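Have a look at my_file_27.pdb; it's PDB, C-alpha atoms and all ligand atoms:
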MODEL        1
ATOM      1  CA  MET A 233       0.000   0.000   0.000
ATOM      2  CA  GLN A 234       2.844   2.367   0.863
ATOM      3  CA  THR A 235       4.390   2.235  -2.565
ATOM      4  CA  LEU A 236       1.036   2.258  -4.343
ATOM      5  CA  TYR A 237      -0.426   5.227  -2.536
ATOM      6  CA  ASP A 238       1.573   8.211  -1.381
ATOM      7  CA  LYS A 239      -0.970  10.929  -0.660
ATOM      8  CA  HIS A 240       1.735  13.564  -1.176
ATOM      9  CA  HIS A 241       2.705  12.187  -4.596
ATOM     10  CA  CYS A 242      -0.093   9.997  -5.917
ATOM     11  CA  THR A 243       0.705   7.340  -8.521
ATOM     12  CA  LEU A 244      -2.193   5.071  -7.563
ATOM     13  CA  CYS A 245      -3.719   4.822 -11.026
ATOM     14  CA  PRO A 246      -2.220   4.664 -14.529
ATOM     15  CA  ARG A 247      -2.344   8.468 -14.825
ATOM     16  CA  GLU A 248       0.467   8.664 -12.234
ATOM     17  CA  CYS A 249      -0.180  12.402 -12.066
ATOM     18  CA  GLY A 250       1.863  12.843  -8.867
ATOM     19  CA  ALA A 251      -0.670  15.123  -7.171
ATOM     20  CA  ASP A 252      -0.273  16.062  -3.524
ATOM     21  CA  ARG A 253      -3.777  15.037  -2.523
ATOM     22  CA  THR A 254      -3.522  16.653   0.903
ATOM     23  CA  THR A 255      -3.351  20.136  -0.633
ATOM     24  CA  SER A 256      -4.944  19.748  -4.065
ATOM     25  CA  VAL A 257      -6.699  17.236  -6.280
ATOM     26  CA  GLY A 258      -5.363  14.913  -8.950
ATOM     27  CA  VAL A 259      -6.474  14.453 -12.555
ATOM     28  CA  CYS A 260      -9.247  12.323 -11.053
ATOM     29  CA  GLY A 261     -10.580  15.340  -9.144
ATOM     30  CA  ALA A 262      -9.981  13.622  -5.797
ATOM     31  CA  GLY A 263      -8.184  14.898  -2.743
ATOM     32  CA  ASP A 264      -7.315  12.780   0.265
ATOM     33  CA  ASP A 265     -10.863  12.587   1.639
ATOM     34  CA  VAL A 266     -13.428  10.207   0.185
ATOM     35  CA  ARG A 267     -16.355  12.010  -1.429
ATOM     36  CA  ILE A 268     -19.552  10.204  -2.350
ATOM     37  CA  ALA A 269     -22.215  11.638  -4.646
ATOM     38  CA  LYS A 270     -24.996   9.232  -3.800
ATOM     39  CA  THR A 271     -25.895   5.873  -2.277
ATOM     40  CA  MET A 272     -29.031   4.228  -3.598
ATOM     41  CA  LEU A 273     -30.810   1.054  -4.624
ATOM     42  CA  HIS A 274     -29.995   1.046  -8.348
ATOM     43  CA  ARG A 275     -32.479  -0.790 -10.574
ATOM     44  CA  PHE A 276     -30.848  -0.284 -13.973
ATOM     45  CA  GLU A 277     -27.808  -2.518 -13.807
ATOM     46  CA  GLU A 278     -27.827  -5.925 -15.553
ATOM     47  CA  PRO A 279     -30.780  -8.071 -14.319
ATOM     48  CA  PRO A 280     -28.656 -10.442 -12.163
ATOM     49  CA  ILE A 281     -27.033  -7.390 -10.533
ATOM     50  CA  SER A 282     -30.151  -5.283  -9.922
ATOM     51  CA  GLY A 283     -32.454  -8.218  -9.222
ATOM     52  CA  THR A 284     -35.899  -7.289  -7.937
ATOM     53  CA  ARG A 285     -34.875  -4.998  -5.081
ATOM     54  CA  GLY A 286     -31.932  -3.153  -6.618
ATOM     55  CA  SER A 287     -28.157  -3.053  -6.390
ATOM     56  CA  GLY A 288     -26.697  -1.159  -3.421
ATOM     57  CA  ALA A 289     -24.790   1.436  -5.416
ATOM     58  CA  ILE A 290     -22.234   3.806  -3.927
ATOM     59  CA  PHE A 291     -21.297   6.494  -6.468
ATOM     60  CA  PHE A 292     -17.871   7.967  -5.748
ATOM     61  CA  CYS A 293     -17.153  11.535  -6.887
ATOM     62  CA  GLY A 294     -14.445  12.032  -9.502
ATOM     63  CA  CYS A 295     -12.913   9.641 -12.011
ATOM     64  CA  ASN A 296      -9.382   8.971 -13.200
ATOM     65  CA  LEU A 297     -10.459   8.359 -16.817
ATOM     66  CA  ARG A 298     -12.840  11.302 -17.358
ATOM     67  CA  CYS A 299     -14.043  10.408 -20.848
ATOM     68  CA  GLY A 300     -15.030  13.450 -22.873
ATOM     69  CA  TYR A 301     -18.501  11.982 -23.459
ATOM     70  CA  CYS A 302     -19.087  10.667 -19.914
ATOM     71  CA  GLN A 303     -22.610   9.468 -19.195
ATOM     72  CA  ASN A 304     -22.204  10.364 -15.494
ATOM     73  CA  ALA A 305     -20.465  13.709 -16.035
ATOM     74  CA  ALA A 306     -22.100  15.341 -13.018
ATOM     75  CA  ILE A 307     -19.975  13.185 -10.722
ATOM     76  CA  SER A 308     -16.965  12.339 -12.877
ATOM     77  CA  HIS A 309     -16.252  15.888 -14.047
ATOM     78  CA  GLY A 310     -16.775  17.562 -10.727
ATOM     79  CA  GLN A 311     -20.128  19.334 -10.817
ATOM     80  CA  ALA A 312     -21.460  17.224  -7.923
ATOM     81  CA  ALA A 313     -19.457  18.049  -4.791
ATOM     82  CA  GLY A 314     -20.727  15.018  -2.904
ATOM     83  CA  ALA A 315     -20.352  14.428   0.810
ATOM     84  CA  HIS A 316     -17.239  13.602   2.801
ATOM     85  CA  TYR A 317     -17.147  10.047   4.201
ATOM     86  CA  THR A 318     -14.646   8.641   6.668
ATOM     87  CA  VAL A 319     -13.597   5.030   6.191
ATOM     88  CA  ALA A 320     -15.930   4.045   9.066
ATOM     89  CA  GLN A 321     -18.836   5.929   7.454
ATOM     90  CA  LEU A 322     -18.118   4.229   4.127
ATOM     91  CA  ALA A 323     -18.252   0.835   5.857
ATOM     92  CA  ASP A 324     -21.493   1.833   7.611
ATOM     93  CA  SER A 325     -23.062   2.891   4.303
ATOM     94  CA  MET A 326     -22.410  -0.616   2.940
ATOM     95  CA  LEU A 327     -24.180  -2.166   5.936
ATOM     96  CA  ALA A 328     -27.054   0.310   5.567
ATOM     97  CA  LEU A 329     -27.522  -0.645   1.904
ATOM     98  CA  GLN A 330     -27.517  -4.323   2.839
ATOM     99  CA  ALA A 331     -30.117  -3.640   5.548
ATOM    100  CA  SER A 332     -32.307  -1.802   3.043
ATOM    101  CA  GLY A 333     -32.528  -4.933   0.908
ATOM    102  CA  ALA A 334     -29.757  -4.445  -1.664
ATOM    103  CA  HIS A 335     -28.822  -7.625  -3.528
ATOM    104  CA  ASN A 336     -25.175  -6.558  -3.463
ATOM    105  CA  ILE A 337     -22.851  -3.672  -2.586
ATOM    106  CA  ASN A 338     -21.898  -1.950  -5.829
ATOM    107  CA  LEU A 339     -18.821   0.313  -5.677
ATOM    108  CA  VAL A 340     -19.068   2.607  -8.707
ATOM    109  CA  THR A 341     -15.801   4.144  -9.971
ATOM    110  CA  ALA A 342     -13.751   3.818  -6.796
ATOM    111  CA  ALA A 343     -10.248   3.454  -8.343
ATOM    112  CA  HIS A 344      -8.980   6.780  -7.017
ATOM    113  CA  TYR A 345     -10.097   5.877  -3.469
ATOM    114  CA  LEU A 346      -8.796   2.317  -3.495
ATOM    115  CA  PRO A 347      -6.806   2.465  -0.212
ATOM    116  CA  GLN A 348      -9.817   3.753   1.725
ATOM    117  CA  VAL A 349     -12.166   1.287  -0.001
ATOM    118  CA  VAL A 350      -9.869  -1.612   0.907
ATOM    119  CA  GLN A 351      -9.843  -0.505   4.560
ATOM    120  CA  ALA A 352     -13.638  -0.225   4.630
ATOM    121  CA  LEU A 353     -14.105  -3.619   2.977
ATOM    122  CA  GLN A 354     -11.647  -5.299   5.342
ATOM    123  CA  SER A 355     -13.734  -4.165   8.303
ATOM    124  CA  VAL A 356     -17.163  -4.835   6.826
ATOM    125  CA  LYS A 357     -16.727  -7.925   4.635
ATOM    126  CA  PRO A 358     -17.275 -10.432   7.508
ATOM    127  CA  HIS A 359     -20.651  -8.753   8.174
ATOM    128  CA  LEU A 360     -21.873  -8.794   4.564
ATOM    129  CA  SER A 361     -24.106 -11.620   3.378
ATOM    130  CA  VAL A 362     -24.404 -10.135  -0.128
ATOM    131  CA  PRO A 363     -21.664 -10.004  -2.782
ATOM    132  CA  VAL A 364     -19.413  -6.993  -3.301
ATOM    133  CA  VAL A 365     -19.434  -5.634  -6.867
ATOM    134  CA  TYR A 366     -16.578  -3.456  -8.129
ATOM    135  CA  ASN A 367     -17.759  -1.302 -11.029
ATOM    136  CA  SER A 368     -14.788   0.101 -12.961
ATOM    137  CA  SER A 369     -13.760   2.038 -16.065
ATOM    138  CA  GLY A 370     -11.090  -0.617 -16.592
ATOM    139  CA  TYR A 371      -8.388   2.054 -16.357
ATOM    140  CA  GLU A 372      -6.695   0.647 -13.263
ATOM    141  CA  LYS A 373      -3.332  -0.783 -12.346
ATOM    142  CA  ALA A 374      -3.397  -4.567 -11.947
ATOM    143  CA  THR A 375      -1.031  -4.148  -8.983
ATOM    144  CA  ALA A 376      -3.599  -1.921  -7.250
ATOM    145  CA  LEU A 377      -6.453  -4.318  -7.980
ATOM    146  CA  ARG A 378      -4.547  -7.081  -6.169
ATOM    147  CA  LEU A 379      -5.413  -5.257  -2.938
ATOM    148  CA  LEU A 380      -9.046  -6.243  -3.561
ATOM    149  CA  ASP A 381      -8.313  -9.964  -3.782
ATOM    150  CA  GLY A 382     -10.741 -11.736  -1.438
ATOM    151  CA  LEU A 383     -12.785  -8.576  -0.858
ATOM    152  CA  VAL A 384     -14.601  -8.315  -4.204
ATOM    153  CA  ASP A 385     -16.884 -11.047  -5.552
ATOM    154  CA  ILE A 386     -17.975  -9.585  -8.878
ATOM    155  CA  TYR A 387     -16.086  -7.224 -11.168
ATOM    156  CA  LEU A 388     -17.932  -5.048 -13.672
ATOM    157  CA  PRO A 389     -15.128  -3.534 -15.763
ATOM    158  CA  ASP A 390     -15.651  -1.491 -18.900
ATOM    159  CA  PHE A 391     -13.660  -2.460 -21.967
ATOM    160  CA  LYS A 392     -14.095   0.795 -23.847
ATOM    161  CA  TYR A 393     -11.545   0.722 -26.642
ATOM    162  CA  LEU A 394      -9.131  -1.568 -28.407
ATOM    163  CA  ASP A 395      -8.203   1.284 -30.735
ATOM    164  CA  ALA A 396      -5.525   3.388 -29.010
ATOM    165  CA  SER A 397      -6.259   6.430 -31.187
ATOM    166  CA  ALA A 398      -9.914   6.431 -30.071
ATOM    167  CA  ALA A 399      -8.768   6.033 -26.463
ATOM    168  CA  ARG A 400      -6.490   9.042 -26.876
ATOM    169  CA  ARG A 401      -9.101  11.120 -28.692
ATOM    170  CA  TYR A 402     -12.007  10.472 -26.343
ATOM    171  CA  SER A 403     -10.338   9.719 -22.988
ATOM    172  CA  ALA A 404      -6.808  11.137 -23.279
ATOM    173  CA  ALA A 405      -5.491   7.658 -22.499
ATOM    174  CA  ALA A 406      -3.764   6.027 -25.456
ATOM    175  CA  ASP A 407      -2.589   3.251 -23.128
ATOM    176  CA  TYR A 408      -6.186   2.337 -22.217
ATOM    177  CA  PRO A 409      -6.308  -0.915 -24.271
ATOM    178  CA  THR A 410      -3.189  -2.441 -22.683
ATOM    179  CA  VAL A 411      -4.039  -1.157 -19.197
ATOM    180  CA  ALA A 412      -7.626  -2.431 -19.338
ATOM    181  CA  MET A 413      -6.612  -5.862 -20.616
ATOM    182  CA  ALA A 414      -4.104  -6.300 -17.782
ATOM    183  CA  ALA A 415      -6.753  -5.125 -15.297
ATOM    184  CA  ILE A 416      -9.379  -7.545 -16.631
ATOM    185  CA  GLU A 417      -6.879 -10.395 -16.517
ATOM    186  CA  GLU A 418      -6.285  -9.660 -12.814
ATOM    187  CA  MET A 419     -10.034  -9.414 -12.128
ATOM    188  CA  LEU A 420     -10.648 -12.801 -13.741
ATOM    189  CA  ARG A 421      -7.720 -14.309 -11.838
ATOM    190  CA  GLN A 422      -9.482 -13.286  -8.622
ATOM    191  CA  THR A 423     -13.055 -14.269  -9.494
ATOM    192  CA  GLY A 424     -12.833 -17.197 -11.904
ATOM    193  CA  GLU A 425     -15.923 -18.186 -13.898
ATOM    194  CA  TYR A 426     -19.130 -16.148 -13.755
ATOM    195  CA  ARG A 427     -21.769 -17.759 -11.556
ATOM    196  CA  GLU A 428     -25.395 -17.037 -10.624
ATOM    197  CA  LYS A 429     -27.627 -18.388  -7.887
ATOM    198  CA  ASP A 430     -31.422 -17.952  -7.984
ATOM    199  CA  GLY A 431     -31.071 -15.506 -10.869
ATOM    200  CA  LEU A 432     -28.551 -13.268  -9.104
ATOM    201  CA  ALA A 433     -24.844 -12.907  -9.837
ATOM    202  CA  VAL A 434     -22.702 -14.279  -7.017
ATOM    203  CA  ARG A 435     -19.217 -14.438  -8.537
ATOM    204  CA  GLY A 436     -17.284 -13.590 -11.673
ATOM    205  CA  THR A 437     -16.448 -10.828 -14.099
ATOM    206  CA  VAL A 438     -18.874  -9.121 -16.479
ATOM    207  CA  ILE A 439     -17.113  -7.054 -19.139
ATOM    208  CA  ARG A 440     -19.150  -4.050 -20.253
ATOM    209  CA  HIS A 441     -18.844  -2.331 -23.602
ATOM    210  CA  LEU A 442     -20.753   0.862 -24.338
ATOM    211  CA  VAL A 443     -21.174   1.011 -28.104
ATOM    212  CA  LEU A 444     -20.232   4.482 -29.356
ATOM    213  CA  PRO A 445     -21.288   6.222 -32.586
ATOM    214  CA  GLY A 446     -18.754   5.456 -35.320
ATOM    215  CA  LEU A 447     -16.845   2.884 -33.258
ATOM    216  CA  SER A 448     -18.790  -0.339 -33.851
ATOM    217  CA  ALA A 449     -15.846  -1.919 -35.700
ATOM    218  CA  ASP A 450     -13.754  -1.430 -32.572
ATOM    219  CA  GLY A 451     -16.617  -2.852 -30.489
ATOM    220  CA  ALA A 452     -16.705  -5.967 -32.683
ATOM    221  CA  ALA A 453     -12.932  -6.324 -32.330
ATOM    222  CA  ILE A 454     -13.321  -6.082 -28.546
ATOM    223  CA  MET A 455     -15.821  -8.974 -28.604
ATOM    224  CA  ARG A 456     -13.354 -11.140 -30.540
ATOM    225  CA  THR A 457     -10.599 -10.232 -28.087
ATOM    226  CA  VAL A 458     -12.778 -11.107 -25.091
ATOM    227  CA  ALA A 459     -13.664 -14.471 -26.631
ATOM    228  CA  ARG A 460     -10.022 -15.244 -27.260
ATOM    229  CA  GLN A 461      -8.447 -13.953 -24.044
ATOM    230  CA  PHE A 462     -11.191 -13.830 -21.405
ATOM    231  CA  PRO A 463     -13.578 -16.719 -22.178
ATOM    232  CA  ALA A 464     -14.565 -17.117 -18.497
ATOM    233  CA  ALA A 465     -16.195 -13.662 -18.492
ATOM    234  CA  ARG A 466     -19.709 -12.625 -19.466
ATOM    235  CA  VAL A 467     -20.180  -9.578 -21.684
ATOM    236  CA  SER A 468     -22.703  -6.763 -21.366
ATOM    237  CA  ILE A 469     -23.177  -4.846 -24.611
ATOM    238  CA  MET A 470     -24.643  -1.454 -23.790
ATOM    239  CA  ARG A 471     -26.809   0.600 -26.104
ATOM    240  CA  GLN A 472     -27.580   3.456 -23.716
ATOM    241  CA  TYR A 473     -25.128   6.045 -25.086
ATOM    242  CA  THR A 474     -26.849   9.438 -24.937
ATOM    243  CA  PRO A 475     -25.157  12.560 -26.389
ATOM    244  CA  SER A 476     -25.852  14.674 -23.318
ATOM    245  CA  PHE A 477     -22.241  15.738 -22.662
ATOM    246  CA  ASN A 478     -19.480  16.080 -25.217
ATOM    247  CA  ARG A 479     -16.132  17.682 -24.486
ATOM    248  CA  THR A 480     -14.232  15.610 -27.044
ATOM    249  CA  GLY A 481     -14.494  18.227 -29.788
ATOM    250  CA  ASP A 482     -15.688  15.411 -32.082
ATOM    251  CA  ARG A 483     -19.180  15.985 -33.460
ATOM    252  CA  ALA A 484     -19.382  12.260 -34.342
ATOM    253  CA  LEU A 485     -20.506  11.734 -30.744
ATOM    254  CA  ASP A 486     -23.455  14.128 -31.033
ATOM    255  CA  ARG A 487     -25.888  11.355 -31.960
ATOM    256  CA  LYS A 488     -27.151   8.068 -30.582
ATOM    257  CA  VAL A 489     -25.908   4.715 -31.827
ATOM    258  CA  THR A 490     -27.801   3.283 -34.811
ATOM    259  CA  ALA A 491     -29.390  -0.188 -34.794
ATOM    260  CA  LEU A 492     -26.876  -1.236 -37.449
ATOM    261  CA  GLU A 493     -23.925  -0.214 -35.269
ATOM    262  CA  TYR A 494     -25.276  -1.879 -32.143
ATOM    263  CA  ASN A 495     -26.191  -5.096 -33.952
ATOM    264  CA  ARG A 496     -22.728  -5.272 -35.516
ATOM    265  CA  VAL A 497     -21.203  -5.593 -32.044
ATOM    266  CA  VAL A 498     -23.853  -8.047 -30.824
ATOM    267  CA  ASP A 499     -23.432 -10.178 -33.965
ATOM    268  CA  ALA A 500     -19.665 -10.297 -33.392
ATOM    269  CA  ALA A 501     -20.231 -11.470 -29.814
ATOM    270  CA  ILE A 502     -22.643 -14.182 -30.918
ATOM    271  CA  ALA A 503     -20.364 -15.294 -33.754
ATOM    272  CA  CYS A 504     -17.504 -15.947 -31.358
ATOM    273  CA  GLY A 505     -19.674 -17.760 -28.825
ATOM    274  CA  LEU A 506     -19.871 -15.147 -26.061
ATOM    275  CA  THR A 507     -22.795 -15.066 -23.658
ATOM    276  CA  GLY A 508     -24.090 -12.152 -21.643
ATOM    277  CA  PHE A 509     -26.465  -9.213 -21.758
ATOM    278  CA  THR A 510     -27.810  -6.816 -24.388
ATOM    279  CA  GLN A 511     -30.039  -3.755 -24.144
ATOM    280  CA  GLU A 512     -33.268  -2.813 -25.885
ATOM    281  CA  ARG A 513     -33.400   0.015 -28.426
ATOM    282  CA  ASP A 514     -35.194   2.356 -25.982
ATOM    283  CA  SER A 515     -32.271   2.125 -23.525
ATOM    284  CA  ALA A 516     -30.646   5.262 -24.979
ATOM    285  CA  THR A 517     -32.279   7.675 -22.562
ATOM    286  CA  ASP A 518     -31.028   9.365 -19.433
ATOM    287  CA  ILE A 519     -33.309   7.307 -17.159
ATOM    288  CA  TYR A 520     -30.306   4.963 -16.788
ATOM    289  CA  THR A 521     -28.326   7.811 -15.248
ATOM    290  CA  PRO A 522     -29.210   8.588 -11.629
ATOM    291  CA  ASP A 523     -29.918  12.210 -10.758
ATOM    292  CA  PHE A 524     -26.928  13.538  -8.820
ATOM    293  CA  THR A 525     -28.233  17.014  -8.211
TER
HETATM  294  S1  LIG A 601      -5.652   8.361  -8.515
HETATM  295 FE1  LIG A 601      -5.994  10.520  -9.081
HETATM  296  S2  LIG A 601      -4.344  11.629  -8.035
HETATM  297 FE2  LIG A 601      -3.741   9.468  -8.067
HETATM  298  S3  LIG A 601      -2.493   9.202  -9.936
HETATM  299 FE3  LIG A 601      -4.617   8.716 -10.481
HETATM  300  S4  LIG A 601      -5.457  10.660 -11.266
HETATM  301 FE4  LIG A 601      -3.591  11.171 -10.109
ENDMDL
END

Kindly transcribe the structure held in the file into structure tokens.
Amino acid sequence: MQTLYDKHHCTLCPRECGADRTTSVGVCGAGDDVRIAKTMLHRFEEPPISGTRGSGAIFFCGCNLRCGYCQNAAISHGQAAGAHYTVAQLADSMLALQASGAHNINLVTAAHYLPQVVQALQSVKPHLSVPVVYNSSGYEKATALRLLDGLVDIYLPDFKYLDASAARRYSAAADYPTVAMAAIEEMLRQTGEYREKDGLAVRGTVIRHLVLPGLSADGAAIMRTVARQFPAARVSIMRQYTPSFNRTGDRALDRKVTALEYNRVVDAAIACGLTGFTQERDSATDIYTPDFT
């Protein structure tokens, strides 16, 4: 932990921006205190994650990837200040979500708070009877993820790009493809095969891909890569891209995904034998994005 997280010179995530988080914030927008935008029962995750009562989502403020088209920009790009949580309060919020009926505890974009999240999970895990889900952009160091071994049951990583130029253009992270593949490999090492019990996910890794306008060929290539390198994972092919926020400077993202584009990615997944989740055409609305105001 010492070498991974120095709060005076943070290199926790692949950005390695070196911020002194005690006096300022890093590229991720985070200082040394944990800030949470919202905790809620979230009903719009994949069916085995949301179940009938909802997933116990904890939305952390900030993000180390900060895609220029983010679908949760209010929290990732800093408009939502959130509330300060101590490690003990973070642990208590997990127990409160479990008590309110959540099917799981769903940590949404927590990479930049990993040391505090690990501490909270170490104290609370023996008291949780529901799985812990770690919901990630995929832009994480595999060495950092090893701290979660034994604490997380289900990983929900994005696999956004295989094309490094798209990763640079839209997320200022040309190394995203190699970083995300190493991260997913570590996640699968920890969880093994995807498993459900009574219709709910209990273990495994579900790789999400949000299909973007103009990038369906890359999406299809991602499906082939998953089939070849991560066959134990499930995939979740997301159609919900909504052009509500665009700081990429690329007008190609100012529209929704067409049926042809979405089906191209789904067809590639089917052709290489992947199983998982798809979304209906009417998913491209902002009802899938919680209100953080
Ligand atoms: S976690 Fe934040 S502060 Fe630390 S290296 Fe990444 S972007 Fe910088």

Within 7 Å of ligand LIG 601 (chain A), counting only C-alpha atoms and all ligand atoms, residues as JSON, numbers by chain: {"A": [242, 243, 244, 245, 246, 247, 248, 249, 250, 251, 253, 257, 258, 259, 260, 261, 262, 296, 343, 344]}

Spatial neighbours of Ile290 of chain A, max dist 9 Å, all atoms listed in the file, sep filter under 3 positions, as a list in words: Ile268, Ala269, Lys270, Thr271, Met272, Ser325, Met326, Ile337, Asn338, Leu339, Val340, Thr341 and Ala342 of chain A

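The smallest atom-to-atom distance between Thr375 of chain A and any of A:Ala465, A:Leu297, A:Ile416, A:Val438, using all atoms listed in the file, is found for A:Ile416.
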
Protein, DNA and RNA residues within 10 Å of (-12.4, -2.9, 4.9), all atoms listed in the file, as a ChimeraX atom specification: /A:319-320,322-323,347-358,380,383

Pairwise distance for atom CA of Phe391 of chain A and atom CA of Ala412 of chain A, rounded to one decimal in Å: 6.6 Å

Resolved residues for the PyMOL selection byres (((chain A and resi 266) around 6) and not hetatm) as a list in words: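 Output from the PyMOL selection byres (((chain A and resi 266) around 6) and not hetatm), applied to this file: Asp265, Arg267, His316 and Tyr317 of chain A.
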